[in-house]
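For reference, my_file02.pdb is printed below; it contains PDB, C-alpha atoms and all ligand atoms.
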ATOM      1  CA  MET A 225       5.124  24.765 -12.192
ATOM      2  CA  LEU A 226       3.703  22.580 -14.940
ATOM      3  CA  TRP A 227       1.151  24.635 -16.812
ATOM      4  CA  CYS A 228      -1.386  23.179 -19.250
ATOM      5  CA  ARG A 229      -2.702  26.384 -20.766
ATOM      6  CA  ASP A 230      -5.923  25.838 -22.755
ATOM      7  CA  ALA A 231      -4.478  22.487 -23.760
ATOM      8  CA  VAL A 232      -6.415  19.945 -25.803
ATOM      9  CA  PHE A 233      -4.956  16.448 -26.024
ATOM     10  CA  MET A 234      -6.157  13.913 -28.555
ATOM     11  CA  GLN A 235      -6.046  10.111 -28.328
ATOM     12  CA  GLY A 236      -7.707   8.339 -31.251
ATOM     13  CA  GLY A 237     -11.012  10.208 -31.588
ATOM     14  CA  TYR A 238     -11.057  11.242 -27.930
ATOM     15  CA  THR A 239     -10.267  14.796 -26.867
ATOM     16  CA  LEU A 240      -9.385  15.978 -23.383
ATOM     17  CA  SER A 241      -9.208  19.629 -22.423
ATOM     18  CA  ALA A 242      -6.957  20.784 -19.597
ATOM     19  CA  ASP A 243      -6.487  24.327 -18.363
ATOM     20  CA  LEU A 244      -4.556  23.867 -15.127
ATOM     21  CA  ARG A 245      -1.353  24.386 -13.171
ATOM     22  CA  ILE A 246       0.481  21.703 -11.217
ATOM     23  CA  GLU A 247       2.745  22.959  -8.451
ATOM     24  CA  ALA A 248       6.406  21.938  -8.644
ATOM     25  CA  GLY A 249       7.690  19.639  -5.904
ATOM     26  CA  LYS A 250       4.200  18.456  -4.951
ATOM     27  CA  VAL A 251       2.352  15.185  -5.385
ATOM     28  CA  THR A 252      -0.798  15.528  -7.478
ATOM     29  CA  ALA A 253      -3.266  12.657  -7.923
ATOM     30  CA  VAL A 254      -5.412  12.278 -11.045
ATOM     31  CA  ILE A 255      -8.802  10.749 -10.266
ATOM     32  CA  GLY A 256     -11.917  10.028 -12.318
ATOM     33  CA  PRO A 257     -14.121   7.338 -13.830
ATOM     34  CA  SER A 258     -12.748   4.672 -16.169
ATOM     35  CA  GLY A 259     -12.288   6.019 -19.682
ATOM     36  CA  ALA A 260     -12.506   9.656 -18.532
ATOM     37  CA  GLY A 261      -9.060  10.546 -19.863
ATOM     38  CA  LYS A 262      -6.592  10.192 -16.975
ATOM     39  CA  SER A 263      -4.027   8.290 -19.056
ATOM     40  CA  THR A 264      -4.627  10.721 -21.914
ATOM     41  CA  LEU A 265      -3.631  13.601 -19.622
ATOM     42  CA  LEU A 266      -0.421  11.859 -18.534
ATOM     43  CA  GLY A 267       0.347  10.845 -22.115
ATOM     44  CA  GLY A 268      -0.162  14.436 -23.223
ATOM     45  CA  ILE A 269       2.241  15.725 -20.574
ATOM     46  CA  ALA A 270       4.786  13.038 -21.511
ATOM     47  CA  GLY A 271       4.358  13.770 -25.220
ATOM     48  CA  PHE A 272       3.102  10.302 -26.214
ATOM     49  CA  VAL A 273      -0.388  11.672 -26.874
ATOM     50  CA  SER A 274      -0.701  14.475 -29.404
ATOM     51  CA  GLN A 275      -1.608  17.986 -28.355
ATOM     52  CA  ARG A 276      -4.045  19.694 -30.680
ATOM     53  CA  SER A 277      -3.981  23.174 -29.164
ATOM     54  CA  GLY A 278      -2.814  25.220 -26.203
ATOM     55  CA  VAL A 279       0.569  25.447 -24.514
ATOM     56  CA  LEU A 280       2.356  23.114 -22.130
ATOM     57  CA  SER A 281       5.104  24.742 -20.118
ATOM     58  CA  TRP A 282       7.441  23.697 -17.316
ATOM     59  CA  ASN A 283       8.866  26.411 -15.063
ATOM     60  CA  GLY A 284       8.267  28.973 -17.776
ATOM     61  CA  ALA A 285       9.779  26.999 -20.666
ATOM     62  CA  ASP A 286       7.442  25.998 -23.504
ATOM     63  CA  ILE A 287       7.717  22.199 -23.918
ATOM     64  CA  THR A 288       4.691  21.768 -26.235
ATOM     65  CA  ALA A 289       6.736  20.864 -29.294
ATOM     66  CA  LEU A 290       9.384  18.725 -27.560
ATOM     67  CA  PRO A 291       9.471  14.982 -28.321
ATOM     68  CA  PRO A 292       9.000  12.710 -25.272
ATOM     69  CA  HIS A 293      12.714  12.000 -24.724
ATOM     70  CA  LYS A 294      13.516  15.726 -24.545
ATOM     71  CA  ARG A 295      10.818  16.523 -21.953
ATOM     72  CA  PRO A 296      11.686  16.779 -18.236
ATOM     73  CA  VAL A 297       9.517  13.713 -17.653
ATOM     74  CA  SER A 298       9.993  10.108 -16.546
ATOM     75  CA  MET A 299       7.086   7.702 -16.492
ATOM     76  CA  LEU A 300       6.137   4.594 -14.544
ATOM     77  CA  PHE A 301       3.631   2.293 -16.253
ATOM     78  CA  GLN A 302       1.582  -0.595 -14.930
ATOM     79  CA  ASP A 303       3.481  -3.167 -17.004
ATOM     80  CA  ASN A 304       6.844  -1.817 -15.748
ATOM     81  CA  ASN A 305       8.335  -1.888 -19.279
ATOM     82  CA  LEU A 306      11.396  -3.902 -18.235
ATOM     83  CA  PHE A 307      13.413  -5.630 -20.986
ATOM     84  CA  PRO A 308      13.086  -9.388 -20.311
ATOM     85  CA  HIS A 309      16.494 -10.330 -21.744
ATOM     86  CA  LEU A 310      18.443  -7.830 -19.619
ATOM     87  CA  THR A 311      19.397  -8.094 -15.950
ATOM     88  CA  VAL A 312      17.886  -5.802 -13.352
ATOM     89  CA  LEU A 313      21.121  -3.810 -13.252
ATOM     90  CA  GLN A 314      21.205  -3.422 -17.046
ATOM     91  CA  ASN A 315      17.549  -2.385 -17.113
ATOM     92  CA  VAL A 316      18.118   0.274 -14.467
ATOM     93  CA  ALA A 317      21.389   1.518 -15.984
ATOM     94  CA  LEU A 318      19.567   2.106 -19.297
ATOM     95  CA  ALA A 319      18.235   5.265 -17.644
ATOM     96  CA  LEU A 320      21.740   6.706 -18.098
ATOM     97  CA  GLY A 321      22.367   5.687 -21.709
ATOM     98  CA  SER A 322      21.687   3.059 -24.323
ATOM     99  CA  ARG A 323      24.772   0.872 -23.660
ATOM    100  CA  LEU A 324      23.894  -2.710 -22.720
ATOM    101  CA  THR A 325      27.151  -2.943 -20.782
ATOM    102  CA  PRO A 326      26.941   0.104 -18.525
ATOM    103  CA  THR A 327      29.961   2.327 -17.990
ATOM    104  CA  ARG A 328      31.596   2.015 -14.550
ATOM    105  CA  ASP A 329      29.967   5.295 -13.502
ATOM    106  CA  ALA A 330      26.507   4.161 -14.681
ATOM    107  CA  GLN A 331      26.958   0.855 -12.869
ATOM    108  CA  ILE A 332      27.820   2.578  -9.579
ATOM    109  CA  LYS A 333      24.827   4.900  -9.879
ATOM    110  CA  ALA A 334      22.480   2.037 -10.810
ATOM    111  CA  GLU A 335      23.747  -0.067  -7.881
ATOM    112  CA  ASP A 336      23.210   2.838  -5.517
ATOM    113  CA  MET A 337      19.642   3.289  -6.762
ATOM    114  CA  LEU A 338      18.980  -0.465  -6.481
ATOM    115  CA  THR A 339      20.103  -0.280  -2.855
ATOM    116  CA  ARG A 340      17.697   2.579  -2.224
ATOM    117  CA  VAL A 341      14.747   0.594  -3.574
ATOM    118  CA  GLY A 342      15.878  -2.545  -1.701
ATOM    119  CA  LEU A 343      16.964  -4.620  -4.706
ATOM    120  CA  ASN A 344      20.744  -4.667  -4.318
ATOM    121  CA  ASP A 345      20.821  -8.467  -3.871
ATOM    122  CA  LEU A 346      18.895  -9.082  -7.088
ATOM    123  CA  ALA A 347      20.891  -6.951  -9.539
ATOM    124  CA  THR A 348      21.989  -9.887 -11.706
ATOM    125  CA  ARG A 349      18.527 -11.461 -12.066
ATOM    126  CA  LYS A 350      16.299 -11.153 -15.119
ATOM    127  CA  PRO A 351      12.844  -9.541 -14.600
ATOM    128  CA  ALA A 352      11.035 -12.909 -14.964
ATOM    129  CA  ALA A 353      12.854 -14.111 -11.829
ATOM    130  CA  LEU A 354      11.453 -11.236  -9.760
ATOM    131  CA  SER A 355       8.106 -10.944  -7.963
ATOM    132  CA  GLY A 356       5.630  -8.290  -9.119
ATOM    133  CA  GLY A 357       6.633  -5.993  -6.272
ATOM    134  CA  GLN A 358      10.339  -6.450  -7.059
ATOM    135  CA  GLN A 359       9.703  -5.656 -10.734
ATOM    136  CA  SER A 360       7.941  -2.471  -9.607
ATOM    137  CA  ARG A 361      11.006  -1.576  -7.555
ATOM    138  CA  ALA A 362      13.276  -2.068 -10.570
ATOM    139  CA  ALA A 363      11.046   0.165 -12.727
ATOM    140  CA  LEU A 364      10.995   2.774  -9.953
ATOM    141  CA  ALA A 365      14.803   2.680  -9.709
ATOM    142  CA  ARG A 366      15.078   3.272 -13.466
ATOM    143  CA  ALA A 367      12.582   6.163 -13.398
ATOM    144  CA  LEU A 368      14.405   7.813 -10.483
ATOM    145  CA  LEU A 369      17.803   7.369 -12.129
ATOM    146  CA  GLN A 370      16.537   9.132 -15.246
ATOM    147  CA  ASN A 371      16.840  12.308 -13.226
ATOM    148  CA  ARG A 372      13.949  14.138 -14.870
ATOM    149  CA  GLU A 373      12.109  16.720 -12.819
ATOM    150  CA  ILE A 374       8.591  15.372 -13.318
ATOM    151  CA  MET A 375       7.669  11.770 -12.490
ATOM    152  CA  LEU A 376       4.395  10.532 -13.976
ATOM    153  CA  MET A 377       2.834   7.381 -12.543
ATOM    154  CA  ASP A 378       0.024   5.673 -14.447
ATOM    155  CA  GLU A 379      -1.205   3.211 -11.830
ATOM    156  CA  PRO A 380       2.096   1.311 -11.781
ATOM    157  CA  PHE A 381       1.194  -0.662  -8.669
ATOM    158  CA  SER A 382      -2.438  -1.573  -9.355
ATOM    159  CA  ALA A 383      -1.629  -5.258 -10.008
ATOM    160  CA  LEU A 384      -0.012  -5.631  -6.566
ATOM    161  CA  GLY A 385      -1.850  -6.662  -3.416
ATOM    162  CA  PRO A 386      -3.155  -3.854  -1.190
ATOM    163  CA  GLY A 387      -0.285  -4.006   1.334
ATOM    164  CA  MET A 388       2.434  -4.038  -1.335
ATOM    165  CA  LYS A 389       0.646  -1.305  -3.318
ATOM    166  CA  ALA A 390       0.645   1.003  -0.304
ATOM    167  CA  GLU A 391       4.298   0.174   0.446
ATOM    168  CA  MET A 392       5.376   0.910  -3.149
ATOM    169  CA  LEU A 393       3.369   4.120  -3.249
ATOM    170  CA  ASP A 394       5.010   5.302  -0.039
ATOM    171  CA  LEU A 395       8.494   4.326  -1.267
ATOM    172  CA  SER A 396       8.009   6.033  -4.651
ATOM    173  CA  VAL A 397       6.750   9.249  -3.153
ATOM    174  CA  GLU A 398       9.429   9.270  -0.445
ATOM    175  CA  LEU A 399      12.270   8.796  -2.950
ATOM    176  CA  ALA A 400      10.733  11.149  -5.521
ATOM    177  CA  LYS A 401      10.299  13.881  -2.915
ATOM    178  CA  ALA A 402      13.845  13.357  -1.619
ATOM    179  CA  ALA A 403      15.029  13.884  -5.206
ATOM    180  CA  GLY A 404      12.924  17.046  -5.518
ATOM    181  CA  ARG A 405      10.607  15.556  -8.146
ATOM    182  CA  THR A 406       7.143  16.727  -9.046
ATOM    183  CA  VAL A 407       4.845  13.696  -9.016
ATOM    184  CA  VAL A 408       1.619  13.308 -10.999
ATOM    185  CA  MET A 409      -0.095   9.967 -10.374
ATOM    186  CA  VAL A 410      -3.226   8.367 -11.778
ATOM    187  CA  THR A 411      -5.214   6.341  -9.270
ATOM    188  CA  HIS A 412      -8.642   4.732  -9.025
ATOM    189  CA  ASP A 413      -8.403   4.665  -5.267
ATOM    190  CA  PRO A 414      -9.216   7.849  -3.317
ATOM    191  CA  ALA A 415      -7.325   6.286  -0.397
ATOM    192  CA  ASP A 416      -4.111   6.535  -2.467
ATOM    193  CA  ALA A 417      -4.715  10.252  -2.924
ATOM    194  CA  ALA A 418      -5.496  10.700   0.760
ATOM    195  CA  ARG A 419      -2.310   8.817   1.616
ATOM    196  CA  VAL A 420       0.246  10.718  -0.453
ATOM    197  CA  ALA A 421      -1.216  13.511  -2.602
ATOM    198  CA  ASP A 422      -1.138  17.237  -1.866
ATOM    199  CA  ALA A 423      -3.809  17.949  -4.475
ATOM    200  CA  VAL A 424      -6.217  16.155  -6.800
ATOM    201  CA  ILE A 425      -7.011  16.720 -10.466
ATOM    202  CA  GLY A 426     -10.476  15.363 -11.250
ATOM    203  CA  VAL A 427     -11.010  14.129 -14.808
ATOM    204  CA  VAL A 428     -14.506  13.656 -16.186
ATOM    205  CA  SER A 429     -16.396  14.043 -19.471
ATOM    206  CA  GLY A 430     -13.408  15.131 -21.519
ATOM    207  CA  LYS A 431     -12.165  17.725 -19.053
ATOM    208  CA  ALA A 432      -9.343  17.744 -16.493
ATOM    209  CA  TRP A 433     -10.184  20.074 -13.610
ATOM    210  CA  ALA A 434      -7.618  22.336 -11.965
ATOM    211  CA  PRO A 435      -6.021  20.720  -8.863
ATOM    212  CA  ILE A 436      -7.907  21.028  -5.587
ATOM    213  CA  GLU A 437      -6.279  20.412  -2.204
ATOM    214  CA  THR A 438      -6.719  16.685  -1.430
ATOM    215  CA  ALA A 439      -8.810  16.821   1.767
ATOM    216  CA  ARG A 440     -11.111  19.430   0.242
ATOM    217  CA  PHE A 441     -11.554  17.399  -2.953
ATOM    218  CA  LEU A 442     -12.313  14.181  -1.078
ATOM    219  CA  ASN A 443     -14.552  15.711   1.614
ATOM    220  CA  ASP A 444     -16.472  18.044  -0.646
ATOM    221  CA  PRO A 445     -15.899  17.014  -4.267
ATOM    222  CA  PRO A 446     -17.118  19.149  -7.168
ATOM    223  CA  ALA A 447     -20.554  17.962  -8.349
ATOM    224  CA  PRO A 448     -19.361  15.810 -11.313
ATOM    225  CA  PHE A 449     -17.228  13.656  -8.974
ATOM    226  CA  LYS A 450     -19.741  13.146  -6.147
ATOM    227  CA  GLU A 451     -21.288   9.993  -7.606
ATOM    228  CA  TYR A 452     -17.911   8.539  -8.616
ATOM    229  CA  LEU A 453     -16.462   9.015  -5.129
ATOM    230  CA  GLY A 454     -19.664   7.638  -3.541
TER     231      GLY A 454
HETATM  232  N1  LIG A 501      -5.558   4.661 -29.037
HETATM  233  C1  LIG A 501      -6.820   5.066 -28.849
HETATM  234  N2  LIG A 501      -7.672   5.224 -29.895
HETATM  235  C2  LIG A 501      -8.928   5.637 -29.711
HETATM  236  N3  LIG A 501      -9.458   5.942 -28.516
HETATM  237  C3  LIG A 501      -8.662   5.806 -27.439
HETATM  238  C4  LIG A 501      -7.314   5.344 -27.543
HETATM  239  N4  LIG A 501      -6.782   5.293 -26.299
HETATM  240  C5  LIG A 501      -7.767   5.694 -25.467
HETATM  241  N5  LIG A 501      -8.893   5.992 -26.148
HETATM  242  C6  LIG A 501     -10.172   6.461 -25.576
HETATM  243  O1  LIG A 501      -9.911   7.681 -24.908
HETATM  244  C7  LIG A 501     -10.712   7.758 -23.731
HETATM  245  C8  LIG A 501      -9.832   8.095 -22.553
HETATM  246  O2  LIG A 501      -8.951   6.989 -22.307
HETATM  247  P1  LIG A 501      -7.940   6.997 -21.088
HETATM  248  O3  LIG A 501      -7.147   5.739 -21.196
HETATM  249  O4  LIG A 501      -7.220   8.284 -21.056
HETATM  250  O5  LIG A 501      -8.934   6.929 -19.844
HETATM  251  P2  LIG A 501      -8.614   6.644 -18.326
HETATM  252  O6  LIG A 501      -9.374   7.648 -17.528
HETATM  253  O7  LIG A 501      -7.157   6.573 -18.103
HETATM  254  O8  LIG A 501      -9.288   5.208 -18.182
HETATM  255  P3  LIG A 501      -8.977   3.998 -17.178
HETATM  256  O9  LIG A 501      -9.255   4.495 -15.798
HETATM  257  O10 LIG A 501      -9.975   2.948 -17.602
HETATM  258  O11 LIG A 501      -7.559   3.568 -17.397
HETATM  259  C9  LIG A 501     -11.446   6.440 -23.596
HETATM  260  O12 LIG A 501     -12.774   6.633 -23.992
HETATM  261  C10 LIG A 501     -10.711   5.509 -24.528
HETATM  262  O13 LIG A 501     -11.583   4.570 -25.088
END

Could you render the structure as structure tokens?
Amino acid sequence: MLWCRDAVFMQGGYTLSADLRIEAGKVTAVIGPSGAGKSTLLGGIAGFVSQRSGVLSWNGADITALPPHKRPVSMLFQDNNLFPHLTVLQNVALALGSRLTPTRDAQIKAEDMLTRVGLNDLATRKPAALSGGQQSRAALARALLQNREIMLMDEPFSALGPGMKAEMLDLSVELAKAAGRTVVMVTHDPADAARVADAVIGVVSGKAWAPIETARFLNDPPAPFKEYLG
């Protein structure tokens, strides 16, 4: 369980409070109006956004003071964060260490992960020679290879067309679940939550609400989310 206990995260002058528990092994969507603080919540969990008070714990261990690279967290961003001068294989293998020429073991693991995301034929290409969907697959492969227990997704597929977005969402969740990951994903689209999420965290007016089971949240949202969900 990921527990934000009386947590307050701060981004610039903006504060977000979160007093909630996210169940391990589940997929939790984060929904709310633009600027409400969804990315702030993910950044706070990842450690990129500073935490002003409260405790963040994962399966009983206090991770509040840990720097991002020591947290049990991998993150998928919208811009994919691929290094343009490295091949797909090198980018993915970076999940296992900082060597530009991966060890034999890292190469085998990266190739296996590329096969799982359907990119095995494109391992030697640079990111610029990939389509948007293929770049998303490479970023997903790297996040999965990082082997961290929590996978955060901050709308990584929002620039893709609707069909590809749904396909990538399904693939990410399928592979993350198979690897036993806990997924927390920001989305603007309630249909994404309905498609893959077990529960929904609503974020509005500087507060992240405790997760509510997806169908219940979407069919009978708490008052502050009624207008947003339409
Ligand atoms: N670096 C920053 N400095 C100051 N304010 C910031 C900074 N980053 C974000 N904010 C503010 O914090 C608030 C929450 O931003 P955040 O990106 O978490 O919202 P969001 O719900 O993810 O929005 P969106 O759906 O538009 O991506 C916004 O009002 C934003 O303007």

Next on the checklist: List the spatial neighbours of A:Ser241 as an MDAnalysis selection string - criterion: any atom at most 6 Å away, only C-alpha atoms, same-chain residues fewer than 4 positions off excluded.
Outcome noted: chainID A and resid 231:232 431

Next on the checklist: I'd like to see the residues matched by the PyMOL selection byres (((not hetatm)) within 12 of (chain A and resi 501)) on this file, and ideally I'd get them as a PyMOL selection string.
Outcome noted: chain A and resi 233-241+254-268+272-274+301-302+377-380+382+409-413+425-432+452

Checklist entry - Counting only C-alpha atoms, what is within 12 Å of A:Glu451, bar same-chain residues fewer than 2 positions away, as a PyMOL selection string? => result chain A and resi 256-257+428+442+444-449+453-454

Using only C-alpha atoms, please write the residues we just selected to a file, as a PDB file, keeping the file's coordinate frame.
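Result written to again06.pdb:
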ATOM      1  CA  GLY A 256     -11.917  10.028 -12.318  1.00  0.00           C
ATOM      2  CA  PRO A 257     -14.121   7.338 -13.830  1.00  0.00           C
ATOM      3  CA  VAL A 428     -14.506  13.656 -16.186  1.00  0.00           C
ATOM      4  CA  LEU A 442     -12.313  14.181  -1.078  1.00  0.00           C
ATOM      5  CA  ASP A 444     -16.472  18.044  -0.646  1.00  0.00           C
ATOM      6  CA  PRO A 445     -15.899  17.014  -4.267  1.00  0.00           C
ATOM      7  CA  PRO A 446     -17.118  19.149  -7.168  1.00  0.00           C
ATOM      8  CA  ALA A 447     -20.554  17.962  -8.349  1.00  0.00           C
ATOM      9  CA  PRO A 448     -19.361  15.810 -11.313  1.00  0.00           C
ATOM     10  CA  PHE A 449     -17.228  13.656  -8.974  1.00  0.00           C
ATOM     11  CA  LEU A 453     -16.462   9.015  -5.129  1.00  0.00           C
ATOM     12  CA  GLY A 454     -19.664   7.638  -3.541  1.00  0.00           C
TER      13      GLY A 454
END

Next on the checklist: Could you tell me how far atom CA of A:Leu384 sits from atom CA of A:Ala253, in Å to one decimal place?
Outcome noted: 18.6 Å

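Residues surrounding A:Ala317 within 8 Å are A:Pro326, A:Ala330, A:Gln331, A:Lys333, A:Ala334, A:Arg366, A:Leu369 [only C-alpha atoms; sequence separation below 6 positions excluded].
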
Those same residues - C-alpha atoms - I'd like them written as a PDB file, in the frame of the given file.
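What ended up in result22.pdb:
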ATOM      1  CA  PRO A 326      26.941   0.104 -18.525  1.00  0.00           C
ATOM      2  CA  ALA A 330      26.507   4.161 -14.681  1.00  0.00           C
ATOM      3  CA  GLN A 331      26.958   0.855 -12.869  1.00  0.00           C
ATOM      4  CA  LYS A 333      24.827   4.900  -9.879  1.00  0.00           C
ATOM      5  CA  ALA A 334      22.480   2.037 -10.810  1.00  0.00           C
ATOM      6  CA  ARG A 366      15.078   3.272 -13.466  1.00  0.00           C
ATOM      7  CA  LEU A 369      17.803   7.369 -12.129  1.00  0.00           C
TER       8      LEU A 369
END

Next on the checklist: Just the number, please: distance in Å from atom CA of A:Leu306 to atom CA of A:Ser322, one decimal.
Outcome noted: 13.8 Å

Next on the checklist: With 12 Å as the threshold, what does the neighbourhood of (5.5, 26.9, -21.4) contain in terms of residues, counting only C-alpha atoms? Coordinates are those of the file; answer as a ChimeraX atom specification.
Outcome noted: /A:225-231,245,269,278-290,295

Item to check | Nearby residues (only C-alpha atoms) at most 9 Å from A:Met388, same-chain spacing under 5 positions excluded, as a ChimeraX atom specification | outcome: /A:357,381,393

With C-alpha atoms kept, could you save the residues just selected as a compact mmCIF listing (two decimals), in the frame of the given file?
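Below is the file selection_11.txt, written as the result:
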# COMPACT_ATOMS: atom_id res chain seq x y z
CA GLY A 357 6.63 -5.99 -6.27
CA PHE A 381 1.19 -0.66 -8.67
CA LEU A 393 3.37 4.12 -3.25

Would you list the residues near (13.1, 8.7, -2.6), meaning any protein, DNA or RNA residue with an atom at most 10 Å from that point in file coordinates, counting all atoms listed in the file, as a PDB file with C-alpha atoms, in the coordinates of the input?
ATOM      1  CA  MET A 337      19.642   3.289  -6.762  1.00  0.00           C
ATOM      2  CA  ARG A 340      17.697   2.579  -2.224  1.00  0.00           C
ATOM      3  CA  VAL A 341      14.747   0.594  -3.574  1.00  0.00           C
ATOM      4  CA  LEU A 364      10.995   2.774  -9.953  1.00  0.00           C
ATOM      5  CA  ALA A 365      14.803   2.680  -9.709  1.00  0.00           C
ATOM      6  CA  LEU A 368      14.405   7.813 -10.483  1.00  0.00           C
ATOM      7  CA  ASP A 394       5.010   5.302  -0.039  1.00  0.00           C
ATOM      8  CA  LEU A 395       8.494   4.326  -1.267  1.00  0.00           C
ATOM      9  CA  SER A 396       8.009   6.033  -4.651  1.00  0.00           C
ATOM     10  CA  VAL A 397       6.750   9.249  -3.153  1.00  0.00           C
ATOM     11  CA  GLU A 398       9.429   9.270  -0.445  1.00  0.00           C
ATOM     12  CA  LEU A 399      12.270   8.796  -2.950  1.00  0.00           C
ATOM     13  CA  ALA A 400      10.733  11.149  -5.521  1.00  0.00           C
ATOM     14  CA  LYS A 401      10.299  13.881  -2.915  1.00  0.00           C
ATOM     15  CA  ALA A 402      13.845  13.357  -1.619  1.00  0.00           C
ATOM     16  CA  ALA A 403      15.029  13.884  -5.206  1.00  0.00           C
ATOM     17  CA  GLY A 404      12.924  17.046  -5.518  1.00  0.00           C
ATOM     18  CA  ARG A 405      10.607  15.556  -8.146  1.00  0.00           C
TER      19      ARG A 405
END

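Of note, atom CA of A:Phe307 and atom CA of A:Ile374 are spaced 22.9 Å apart.
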
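When all atoms listed in the file are used to measure the gap to A:Asn371, the shortest distance among A:Val424, A:Ala242, A:Ala319, A:Ala439 belongs to A:Ala319.
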
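Residue membership of the PyMOL selection byres (((chain A and resi 349) around 10) and not hetatm) in the shown file amounts to His309, Leu310, Thr311, Val312, Leu313, Gln314, Asp345, Leu346, Ala347, Thr348, Lys350, Pro351, Ala352, Ala353 and Leu354 of chain A.
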
Export C-alpha atoms of the chosen residues as a PDB file, in the coordinates of the input?
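The resulting file, part-v2.pdb, is shown below:
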ATOM      1  CA  HIS A 309      16.494 -10.330 -21.744  1.00  0.00           C
ATOM      2  CA  LEU A 310      18.443  -7.830 -19.619  1.00  0.00           C
ATOM      3  CA  THR A 311      19.397  -8.094 -15.950  1.00  0.00           C
ATOM      4  CA  VAL A 312      17.886  -5.802 -13.352  1.00  0.00           C
ATOM      5  CA  LEU A 313      21.121  -3.810 -13.252  1.00  0.00           C
ATOM      6  CA  GLN A 314      21.205  -3.422 -17.046  1.00  0.00           C
ATOM      7  CA  ASP A 345      20.821  -8.467  -3.871  1.00  0.00           C
ATOM      8  CA  LEU A 346      18.895  -9.082  -7.088  1.00  0.00           C
ATOM      9  CA  ALA A 347      20.891  -6.951  -9.539  1.00  0.00           C
ATOM     10  CA  THR A 348      21.989  -9.887 -11.706  1.00  0.00           C
ATOM     11  CA  LYS A 350      16.299 -11.153 -15.119  1.00  0.00           C
ATOM     12  CA  PRO A 351      12.844  -9.541 -14.600  1.00  0.00           C
ATOM     13  CA  ALA A 352      11.035 -12.909 -14.964  1.00  0.00           C
ATOM     14  CA  ALA A 353      12.854 -14.111 -11.829  1.00  0.00           C
ATOM     15  CA  LEU A 354      11.453 -11.236  -9.760  1.00  0.00           C
TER      16      LEU A 354
END

As AutoDock Vina command-line options: centre and edge lengths in Å, one decimal, of the axis-aligned box holding stretch 361-368 of chain A with 8 Å per side:
--center_x 13.0 --center_y 2.9 --center_z -10.5 --size_x 20.1 --size_y 25.9 --size_z 21.9

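Checking A:Val420, A:Leu300, A:Val251, A:Leu244 one by one against A:Ala363, counting all atoms listed in the file, you find the shortest gap at A:Leu300.
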
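Considering the residues A:Leu324, A:Ala270, A:Leu338, A:Met392 and counting only C-alpha atoms, A:Ser360 has its shortest atom-to-atom contact with A:Met392.
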
Item to check | Residue among A:Phe441, A:Ala434, A:Thr339, A:Glu391 lying closest to A:Ala421, counting all atoms listed in the file | outcome: A:Phe441

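Counting only C-alpha atoms, the residue from A:Gly249, A:Val407, A:Gly385, A:Gly271 that sits nearest to A:His293 is A:Gly271.
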
Any chance you could build stretch 378-389 of chain A out to N, CA and C atoms and write it as a PDB file, in the coordinates of the input?
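Final output, part_3.pdb:
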ATOM      1  N   ASP A 378       1.340   6.071 -13.953  1.00  0.00           N
ATOM      2  CA  ASP A 378       0.024   5.673 -14.447  1.00  0.00           C
ATOM      3  C   ASP A 378      -0.359   4.330 -13.822  1.00  0.00           C
ATOM      4  N   GLU A 379      -0.805   4.395 -12.598  1.00  0.00           N
ATOM      5  CA  GLU A 379      -1.205   3.211 -11.830  1.00  0.00           C
ATOM      6  C   GLU A 379      -0.187   2.074 -11.886  1.00  0.00           C
ATOM      7  N   PRO A 380       1.086   2.361 -11.612  1.00  0.00           N
ATOM      8  CA  PRO A 380       2.096   1.311 -11.781  1.00  0.00           C
ATOM      9  C   PRO A 380       1.940   0.156 -10.796  1.00  0.00           C
ATOM     10  N   PHE A 381       1.236   0.378  -9.697  1.00  0.00           N
ATOM     11  CA  PHE A 381       1.194  -0.662  -8.669  1.00  0.00           C
ATOM     12  C   PHE A 381      -0.178  -1.329  -8.536  1.00  0.00           C
ATOM     13  N   SER A 382      -1.056  -1.100  -9.519  1.00  0.00           N
ATOM     14  CA  SER A 382      -2.438  -1.573  -9.355  1.00  0.00           C
ATOM     15  C   SER A 382      -2.557  -3.096  -9.395  1.00  0.00           C
ATOM     16  N   ALA A 383      -1.540  -3.793  -9.961  1.00  0.00           N
ATOM     17  CA  ALA A 383      -1.629  -5.258 -10.008  1.00  0.00           C
ATOM     18  C   ALA A 383      -1.102  -5.895  -8.713  1.00  0.00           C
ATOM     19  N   LEU A 384      -0.563  -5.084  -7.818  1.00  0.00           N
ATOM     20  CA  LEU A 384      -0.012  -5.631  -6.566  1.00  0.00           C
ATOM     21  C   LEU A 384      -1.120  -5.740  -5.520  1.00  0.00           C
ATOM     22  N   GLY A 385      -0.896  -6.567  -4.523  1.00  0.00           N
ATOM     23  CA  GLY A 385      -1.850  -6.662  -3.416  1.00  0.00           C
ATOM     24  C   GLY A 385      -1.898  -5.350  -2.648  1.00  0.00           C
ATOM     25  N   PRO A 386      -2.966  -5.150  -1.846  1.00  0.00           N
ATOM     26  CA  PRO A 386      -3.155  -3.854  -1.190  1.00  0.00           C
ATOM     27  C   PRO A 386      -1.974  -3.415  -0.313  1.00  0.00           C
ATOM     28  N   GLY A 387      -1.397  -4.364   0.448  1.00  0.00           N
ATOM     29  CA  GLY A 387      -0.285  -4.006   1.334  1.00  0.00           C
ATOM     30  C   GLY A 387       0.931  -3.566   0.539  1.00  0.00           C
ATOM     31  N   MET A 388       1.264  -4.355  -0.509  1.00  0.00           N
ATOM     32  CA  MET A 388       2.434  -4.038  -1.335  1.00  0.00           C
ATOM     33  C   MET A 388       2.203  -2.751  -2.120  1.00  0.00           C
ATOM     34  N   LYS A 389       0.967  -2.524  -2.575  1.00  0.00           N
ATOM     35  CA  LYS A 389       0.646  -1.305  -3.318  1.00  0.00           C
ATOM     36  C   LYS A 389       0.923  -0.070  -2.442  1.00  0.00           C
TER      37      LYS A 389
END
